[in-house]
Amino acid sequence: MAEASRRLIGRGSIYTLGSAAPMLAGVAVTPLLTRSLGVEAYGEVSIAVTVMQWALGLFALGLPVAITRYAVLAGPGPEAAARARGVTGAGAALSLALTLVLAGCGWVLGDVLADSLPTAALLALVAGGLGAGVAMCQAWALAHEDSWFYVALAFGVALVAPAAGLLTVAVTDSGAVAYLCGLGATVLVVELLGLARVRRSGRFVVSWPVLRENLRIGLPVVPHQFATGSATGVAVLTAGSVLGRAAGGQAQVAVYLGTVTLIVTSALSYAWTPIILRAPEEERGGQLSETARVVTWIAGLAATGVAATSPLLLRFLVPASFDVESLVPVAALVSLTAPLAAVYLAHSQPVVASGRTAGLALASPSALLLGAGASVIATRAWGLVGVAIGYVVTYVLLYAFTRTLARRVSDLRWHELPVLPALLVALAGCLAGALLPVTGLEAVLSRGLLATVAGVLLGHLVLSTLRPRTRGAGAPEPGAVV
C-alpha cells in the first residue's frame with residue numbers, strides 16, 4: 001500500500017505544486033499591497049477578495065469535482081472525453097452568465113435605491129464567476145493528467161492575476177476598484193486560454209443528460225465548497241464586525257499565513273482523488289489508510305514549522321503599523337487546520353467515489369455556521385485569537401460530520417488510528433508556536449529549534465515515502481515509481 005503514498009507525493013507532486021506554489025508565491029504580493037494601500041484600504045480589498053472567493057465556490061456549481069469523477073470513471077474513450085469537454089465548456093459559460101446577471105441586478109438595484117453597492121464587490125463577483133470556469137478547466141486537466149496545463153492555469157489565477165491587480169494600483173494610484181479591475185481582466189484571459197486549450201484537445205459534445213447528471217452530483221457539493229472556501233472570509237468578517245475594519249485586514253494576513261499548510265494539504269487532495277478512484281474497490285480502504293497517515297503527518301509537521309516561524313513571516317508580510325505580536329497566535333492556531341483537513345479529506349474520498357454527495361450540502365454549512373458562532377463568541381472574549389479558535393472549531397466539525405456521512409453513504413472503511421499521533425504532534429507544535437516568546441534571543445532559540453525539528457522530520461518522511469522499498473537483493477517492489 002506504500003505504493004499509493006509514493007504516487008500521491010511523487011507522481012502527484014506536479015498537481016500539488018501547481019495548486020500550492022502559486023498561492024504561496026502570492027505571499028510576495030501581500031507586503032507590496034499592504035504597503036501600497038495601508039490598513040484601511042487593504043481591509044476593503046480583503047473583503048472584495050472574500051466576495052470573489054465566495055462567488056467562485058458558489059458559481060462553480062460543484063462541476064469541478066463532478067468533471068474529474070466523470071472523466072475518470074467514464075473511461076478513456078473519445079466519446080467520454082468529448083462529453084467531459086462539453087461539460088467543461090458549458091459549465092464555464094453557465095457560471096459566467098450567472099455572475100454577470102447577478103452583478104447587473106446588483107448595479108441596477110443600487111441605482112434604484114440610490115445607495116450603490118460597492119463597485120469593488122460587484123467586480124469581485126464577476127471575477128469569481130470567471131475563476132469558476134478556470135476551475136473547470138483544471139478539473140478536466142486533472143482527470144486527463146495534463147499536469148503542466150493545470151500548473152499554468154493555477155499560476156495564472158493565483159499569482160499573475162493578483163500581481164496584475166497590484167500593478168494596476170501602482171499605475172493608477174487608486175484603491176480596491178483598480179485592484180479588482182486588473183485582477184478580473186487577468187482571470188478572464190486565463191479562462192479564455194484554458195478553454196482554447198481544452199478545445200484543441202478535441203471536439204466538445206454537450207450532452208444534456210450528461211450535464212444534468214454532473215449537476216446532480218455537483219450541486220450538492222456547492223454548499224460544501226462554499227462553506228470550506230468561506231472559512232477565511234468568515235474569519236475576516238468576524239474580526240471586522242466585532243473589532244473594526246482595520247482588525248479585519250490584520251486578521252486576513254494572519255489567517256492567510258496560517259492557511260499556508262492548509263493550501264498544501266488541499267492541493268494534495270487534487271492528486272489524491274484520482275488515485276483512490278482508479279484503485280480497485282477492494283484496495284481502496286488500504287490505500288486510504290496509508291495515504292491518510294502520510295498526508296496527516298506532512299500537514300502536521302508543516303503546520304508546526306509555520307507556527308514556529310510565524311513572527312518572522314508576519315514581519316515580512318506586513319509593515320510596522322500592524323500589531324505582529326497579536327497576530328502570531330492567530331497564525332499558529334489556524335495552522336492546526338491543515339492536519340484536521342487531511343483527515344476530513346480522507347473521509348470525503350468515499351463520498352465522492354459513491355456519487356452520493358447530497359449530505360455534503362448540510363454537513364459542511366453546518367460546520368461553518370457553528371464555527372462562525374464560536375468565532376464571534378471567542379473574538380468578543382479574547383480578541384483576534386478568537387478568530388483562530390473559531391477557525392479550528394470549523395475544521396473539527398468538518399472532520400466529524402464528513403466521517404459520519406462517509407459511513408452512511410459508502411461501505412468503504414479505512415483505519416483511522418494511525419493518524420492520531422500526527423494530530424497530537426501537530427496540536428503540541430501549533431500550541432507551542434502560539435505561546436512561545438515572539439521577540440528576543442529566547443524566541444529565536446526556542447522557535448528555531450522547533451522549526452528545525454519539524455523540518456528534519458518532514459524531510460525524512462517525504463524522502464522515505466518516495467524511496468522505493470526493496471525486495472530480495474535490492475530490487476524495487478513491483479509497480480514502484482522510481
# chains A, B, ... in the order shown; residues from 1 in each chain; ligands from 1
>>> select_by_dssp(residues="region 273-439 of chain A", states="alpha helix (DSSP H)", output="PyMOL selection string")
chain A and resi 273-278+281-317+324-334+337-354+360-382+385-409+420-435
>>> residues_around(residues="Val65 (chain A)", least_positions_apart="3", cutoff="7 Å", atoms="only C-alpha atoms", output="PDB file with N, CA, C and O atoms, in the first residue's frame")
ATOM      1  N   GLY A  62     -20.297  23.090  -8.332  1.00  0.00           N
ATOM      2  CA  GLY A  62     -19.813  21.762  -7.972  1.00  0.00           C
ATOM      3  C   GLY A  62     -19.276  20.968  -9.138  1.00  0.00           C
ATOM      4  O   GLY A  62     -18.868  19.813  -8.975  1.00  0.00           O
ATOM      5  N   THR A  68     -14.044  15.792 -12.863  1.00  0.00           N
ATOM      6  CA  THR A  68     -12.946  14.851 -12.605  1.00  0.00           C
ATOM      7  C   THR A  68     -13.481  13.441 -12.404  1.00  0.00           C
ATOM      8  O   THR A  68     -12.967  12.476 -12.981  1.00  0.00           O
ATOM      9  N   ARG A  69     -14.523  13.312 -11.600  1.00  0.00           N
ATOM     10  CA  ARG A  69     -15.095  11.990 -11.343  1.00  0.00           C
ATOM     11  C   ARG A  69     -15.626  11.365 -12.631  1.00  0.00           C
ATOM     12  O   ARG A  69     -15.374  10.196 -12.915  1.00  0.00           O
ATOM     13  N   ALA A 139     -10.111  20.940 -13.582  1.00  0.00           N
ATOM     14  CA  ALA A 139     -10.664  19.613 -13.304  1.00  0.00           C
ATOM     15  C   ALA A 139     -10.503  18.702 -14.512  1.00  0.00           C
ATOM     16  O   ALA A 139     -10.178  17.516 -14.370  1.00  0.00           O
ATOM     17  N   GLY A 218     -22.784  17.445  -8.705  1.00  0.00           N
ATOM     18  CA  GLY A 218     -22.032  18.630  -8.349  1.00  0.00           C
ATOM     19  C   GLY A 218     -22.763  19.625  -7.477  1.00  0.00           C
ATOM     20  O   GLY A 218     -22.174  20.194  -6.549  1.00  0.00           O
TER      21      GLY A 218
END
>>> closest_residue(among="A:Gly184, A:Gly383, A:Gly194, A:Gly286", to="Gly244 (chain A)", atoms="only C-alpha atoms")
A:Gly383
>>> closest_residue(among="A:Val462, A:Ala388, A:Val453, A:Val157", to="Gly371 (chain A)", atoms="only C-alpha atoms")
A:Ala388
>>> closest_atom_pairs(of="region 207-255 of chain A", to="region 265-276 of chain A", cutoff="12 Å", atoms="only C-alpha atoms", output="CSV")
residue,atom,partner,partner_atom,distance
A:Gln225,CA,A:Ser266,CA,11.9
A:Thr228,CA,A:Ser266,CA,10.7
A:Gly229,CA,A:Ser266,CA,11.0
>>> write_last_selection(atoms="C-alpha atoms", output="CSV table (one decimal), in the first residue's frame")
chain,number,residue,atom,x,y,z
A,225,GLN,CA,-17.2,24.1,-1.3
A,228,THR,CA,-14.9,25.4,3.2
A,229,GLY,CA,-13.9,28.2,0.9
>>> atom_distance(atom1="CA of Val177 (chain A)", atom2="CA of Tyr256 (chain A)")
21.5 Å
>>> closest_residue(among="A:Trp148, A:Gly86, A:Ala163, A:Arg284", to="Arg199 (chain A)", atoms="only C-alpha atoms")
A:Gly86
>>> closest_residue(among="A:Gly455, A:Gly285, A:Gly258, A:Gly390", to="Glu416 (chain A)", atoms="only C-alpha atoms")
A:Gly285
>>> atom_distance(atom1="CA of Tyr395 (chain A)", atom2="CA of Ala367 (chain A)")
7.5 Å
>>> residues_around(residues="Ala254 (chain A)", least_positions_apart="4", cutoff="8 Å", atoms="only C-alpha atoms", output="short mmCIF file (atom, residue, chain, number, x, y, z; two decimals) with all heavy atoms, in the first residue's frame")
data_model
loop_
_atom_site.label_atom_id
_atom_site.label_comp_id
_atom_site.auth_asym_id
_atom_site.auth_seq_id
_atom_site.Cartn_x
_atom_site.Cartn_y
_atom_site.Cartn_z
N GLN A 250 -6.02 42.98 9.42
CA GLN A 250 -4.96 42.28 10.14
C GLN A 250 -5.27 40.79 10.26
O GLN A 250 -4.38 39.95 10.10
CB GLN A 250 -4.78 42.91 11.52
CG GLN A 250 -4.30 44.36 11.47
CD GLN A 250 -3.71 44.81 12.78
OE1 GLN A 250 -2.65 44.36 13.18
NE2 GLN A 250 -4.39 45.72 13.45
N GLY A 258 -1.59 31.42 8.27
CA GLY A 258 -1.93 30.16 8.95
C GLY A 258 -2.47 29.10 8.02
O GLY A 258 -2.35 27.90 8.30
N LEU A 314 5.43 37.00 9.52
CA LEU A 314 4.50 38.12 9.62
C LEU A 314 5.22 39.45 9.46
O LEU A 314 4.68 40.38 8.85
CB LEU A 314 3.76 38.07 10.96
CG LEU A 314 2.64 37.02 11.05
CD1 LEU A 314 2.21 36.82 12.49
CD2 LEU A 314 1.46 37.43 10.19
N LEU A 327 -0.86 38.96 16.15
CA LEU A 327 -1.18 38.12 15.01
C LEU A 327 -0.53 36.74 15.09
O LEU A 327 -1.00 35.79 14.46
CB LEU A 327 -0.75 38.80 13.70
CG LEU A 327 -1.38 40.15 13.40
CD1 LEU A 327 -0.92 40.65 12.04
CD2 LEU A 327 -2.89 40.08 13.45
N VAL A 328 0.55 36.60 15.85
CA VAL A 328 1.28 35.33 15.92
C VAL A 328 0.39 34.18 16.43
O VAL A 328 0.34 33.12 15.81
CB VAL A 328 2.55 35.47 16.78
CG1 VAL A 328 3.14 34.10 17.12
CG2 VAL A 328 3.58 36.32 16.05
N VAL A 330 -2.77 33.88 16.25
CA VAL A 330 -3.79 33.62 15.25
C VAL A 330 -3.24 32.72 14.15
O VAL A 330 -3.82 31.69 13.80
CB VAL A 330 -4.32 34.94 14.65
CG1 VAL A 330 -5.37 34.66 13.57
CG2 VAL A 330 -4.90 35.83 15.73
N ALA A 331 -2.08 33.10 13.60
CA ALA A 331 -1.48 32.31 12.52
C ALA A 331 -1.11 30.91 13.01
O ALA A 331 -1.31 29.92 12.29
CB ALA A 331 -0.23 33.03 11.99
#
>>> closest_residue(among="A:Trp107, A:Tyr399, A:Tyr344, A:Trp140", to="Ala66 (chain A)", atoms="only C-alpha atoms")
A:Trp140
>>> closest_residue(among="A:Ala55, A:Ile47, A:Ala161, A:Val393", to="Ala239 (chain A)", atoms="only C-alpha atoms")
A:Ile47
>>> atom_distance(atom1="CA of Leu441 (chain A)", atom2="CA of Ala302 (chain A)")
23.4 Å
>>> residues_around(residues="Leu257 (chain A)", least_positions_apart="5", cutoff="10 Å", atoms="only C-alpha atoms", output="PyMOL selection string")
chain A and resi 24+27+251-252+262+306-307+310+313-314+317+327-328+330-332+334-335
>>> write_last_selection(atoms="all heavy atoms", output="short mmCIF file (atom, residue, chain, number, x, y, z; two decimals), in the first residue's frame")
data_model
loop_
_atom_site.label_atom_id
_atom_site.label_comp_id
_atom_site.auth_asym_id
_atom_site.auth_seq_id
_atom_site.Cartn_x
_atom_site.Cartn_y
_atom_site.Cartn_z
N LEU A 24 1.26 30.17 -2.64
CA LEU A 24 2.31 30.53 -1.69
C LEU A 24 3.19 31.64 -2.25
O LEU A 24 3.64 32.52 -1.52
CB LEU A 24 3.15 29.28 -1.37
CG LEU A 24 2.38 28.10 -0.80
CD1 LEU A 24 3.33 26.97 -0.44
CD2 LEU A 24 1.58 28.52 0.42
N VAL A 27 2.23 35.17 -1.65
CA VAL A 27 2.63 35.84 -0.41
C VAL A 27 3.50 37.05 -0.73
O VAL A 27 3.46 38.08 -0.04
CB VAL A 27 3.38 34.85 0.51
CG1 VAL A 27 4.00 35.58 1.68
CG2 VAL A 27 2.43 33.78 1.00
N ALA A 251 -6.52 40.48 10.53
CA ALA A 251 -6.90 39.06 10.64
C ALA A 251 -6.68 38.35 9.31
O ALA A 251 -6.27 37.18 9.28
CB ALA A 251 -8.35 38.95 11.07
N GLN A 252 -6.96 39.05 8.19
CA GLN A 252 -6.79 38.42 6.88
C GLN A 252 -5.35 37.99 6.66
O GLN A 252 -5.09 36.90 6.15
CB GLN A 252 -7.23 39.40 5.79
CG GLN A 252 -7.47 38.76 4.43
CD GLN A 252 -6.22 38.71 3.57
OE1 GLN A 252 -5.23 39.36 3.88
NE2 GLN A 252 -6.28 37.95 2.50
N LEU A 262 -2.63 24.52 5.00
CA LEU A 262 -3.94 24.05 4.57
C LEU A 262 -4.04 24.05 3.05
O LEU A 262 -4.62 23.14 2.44
CB LEU A 262 -5.03 24.94 5.17
CG LEU A 262 -6.49 24.58 4.84
CD1 LEU A 262 -6.82 23.18 5.34
CD2 LEU A 262 -7.43 25.62 5.46
N VAL A 306 5.33 26.32 10.27
CA VAL A 306 4.76 27.65 10.04
C VAL A 306 4.45 28.34 11.37
O VAL A 306 4.73 29.53 11.54
CB VAL A 306 3.49 27.55 9.18
CG1 VAL A 306 2.75 28.88 9.13
CG2 VAL A 306 3.84 27.10 7.77
N ALA A 307 3.89 27.59 12.32
CA ALA A 307 3.58 28.17 13.62
C ALA A 307 4.84 28.67 14.32
O ALA A 307 4.85 29.73 14.94
CB ALA A 307 2.86 27.14 14.49
N SER A 310 6.17 31.90 12.54
CA SER A 310 5.17 32.92 12.23
C SER A 310 5.60 34.35 12.56
O SER A 310 5.27 35.27 11.79
CB SER A 310 3.85 32.58 12.92
OG SER A 310 4.01 32.44 14.32
N LEU A 313 7.77 35.46 9.59
CA LEU A 313 6.99 35.54 8.35
C LEU A 313 6.03 36.72 8.38
O LEU A 313 5.84 37.41 7.36
CB LEU A 313 6.22 34.23 8.14
CG LEU A 313 7.09 32.99 7.94
CD1 LEU A 313 6.23 31.74 7.91
CD2 LEU A 313 7.89 33.10 6.65
N LEU A 314 5.43 37.00 9.52
CA LEU A 314 4.50 38.12 9.62
C LEU A 314 5.22 39.45 9.46
O LEU A 314 4.68 40.38 8.85
CB LEU A 314 3.76 38.07 10.96
CG LEU A 314 2.64 37.02 11.05
CD1 LEU A 314 2.21 36.82 12.49
CD2 LEU A 314 1.46 37.43 10.19
N LEU A 317 5.48 40.05 5.92
CA LEU A 317 4.23 40.29 5.21
C LEU A 317 3.66 41.68 5.43
O LEU A 317 3.00 42.22 4.54
CB LEU A 317 3.18 39.25 5.64
CG LEU A 317 3.39 37.81 5.16
CD1 LEU A 317 2.33 36.90 5.77
CD2 LEU A 317 3.33 37.74 3.65
N LEU A 327 -0.86 38.96 16.15
CA LEU A 327 -1.18 38.12 15.01
C LEU A 327 -0.53 36.74 15.09
O LEU A 327 -1.00 35.79 14.46
CB LEU A 327 -0.75 38.80 13.70
CG LEU A 327 -1.38 40.15 13.40
CD1 LEU A 327 -0.92 40.65 12.04
CD2 LEU A 327 -2.89 40.08 13.45
N VAL A 328 0.55 36.60 15.85
CA VAL A 328 1.28 35.33 15.92
C VAL A 328 0.39 34.18 16.43
O VAL A 328 0.34 33.12 15.81
CB VAL A 328 2.55 35.47 16.78
CG1 VAL A 328 3.14 34.10 17.12
CG2 VAL A 328 3.58 36.32 16.05
N VAL A 330 -2.77 33.88 16.25
CA VAL A 330 -3.79 33.62 15.25
C VAL A 330 -3.24 32.72 14.15
O VAL A 330 -3.82 31.69 13.80
CB VAL A 330 -4.32 34.94 14.65
CG1 VAL A 330 -5.37 34.66 13.57
CG2 VAL A 330 -4.90 35.83 15.73
N ALA A 331 -2.08 33.10 13.60
CA ALA A 331 -1.48 32.31 12.52
C ALA A 331 -1.11 30.91 13.01
O ALA A 331 -1.31 29.92 12.29
CB ALA A 331 -0.23 33.03 11.99
N ALA A 332 -0.58 30.80 14.22
CA ALA A 332 -0.15 29.50 14.75
C ALA A 332 -1.33 28.56 14.94
O ALA A 332 -1.28 27.38 14.57
CB ALA A 332 0.61 29.70 16.06
N VAL A 334 -4.39 28.76 13.53
CA VAL A 334 -5.03 28.45 12.26
C VAL A 334 -4.25 27.36 11.52
O VAL A 334 -4.83 26.55 10.79
CB VAL A 334 -5.18 29.72 11.40
CG1 VAL A 334 -5.61 29.38 9.98
CG2 VAL A 334 -6.19 30.66 12.03
N SER A 335 -2.94 27.30 11.72
CA SER A 335 -2.13 26.26 11.07
C SER A 335 -2.58 24.86 11.44
O SER A 335 -2.40 23.91 10.67
CB SER A 335 -0.65 26.44 11.45
OG SER A 335 -0.13 27.66 10.96
#
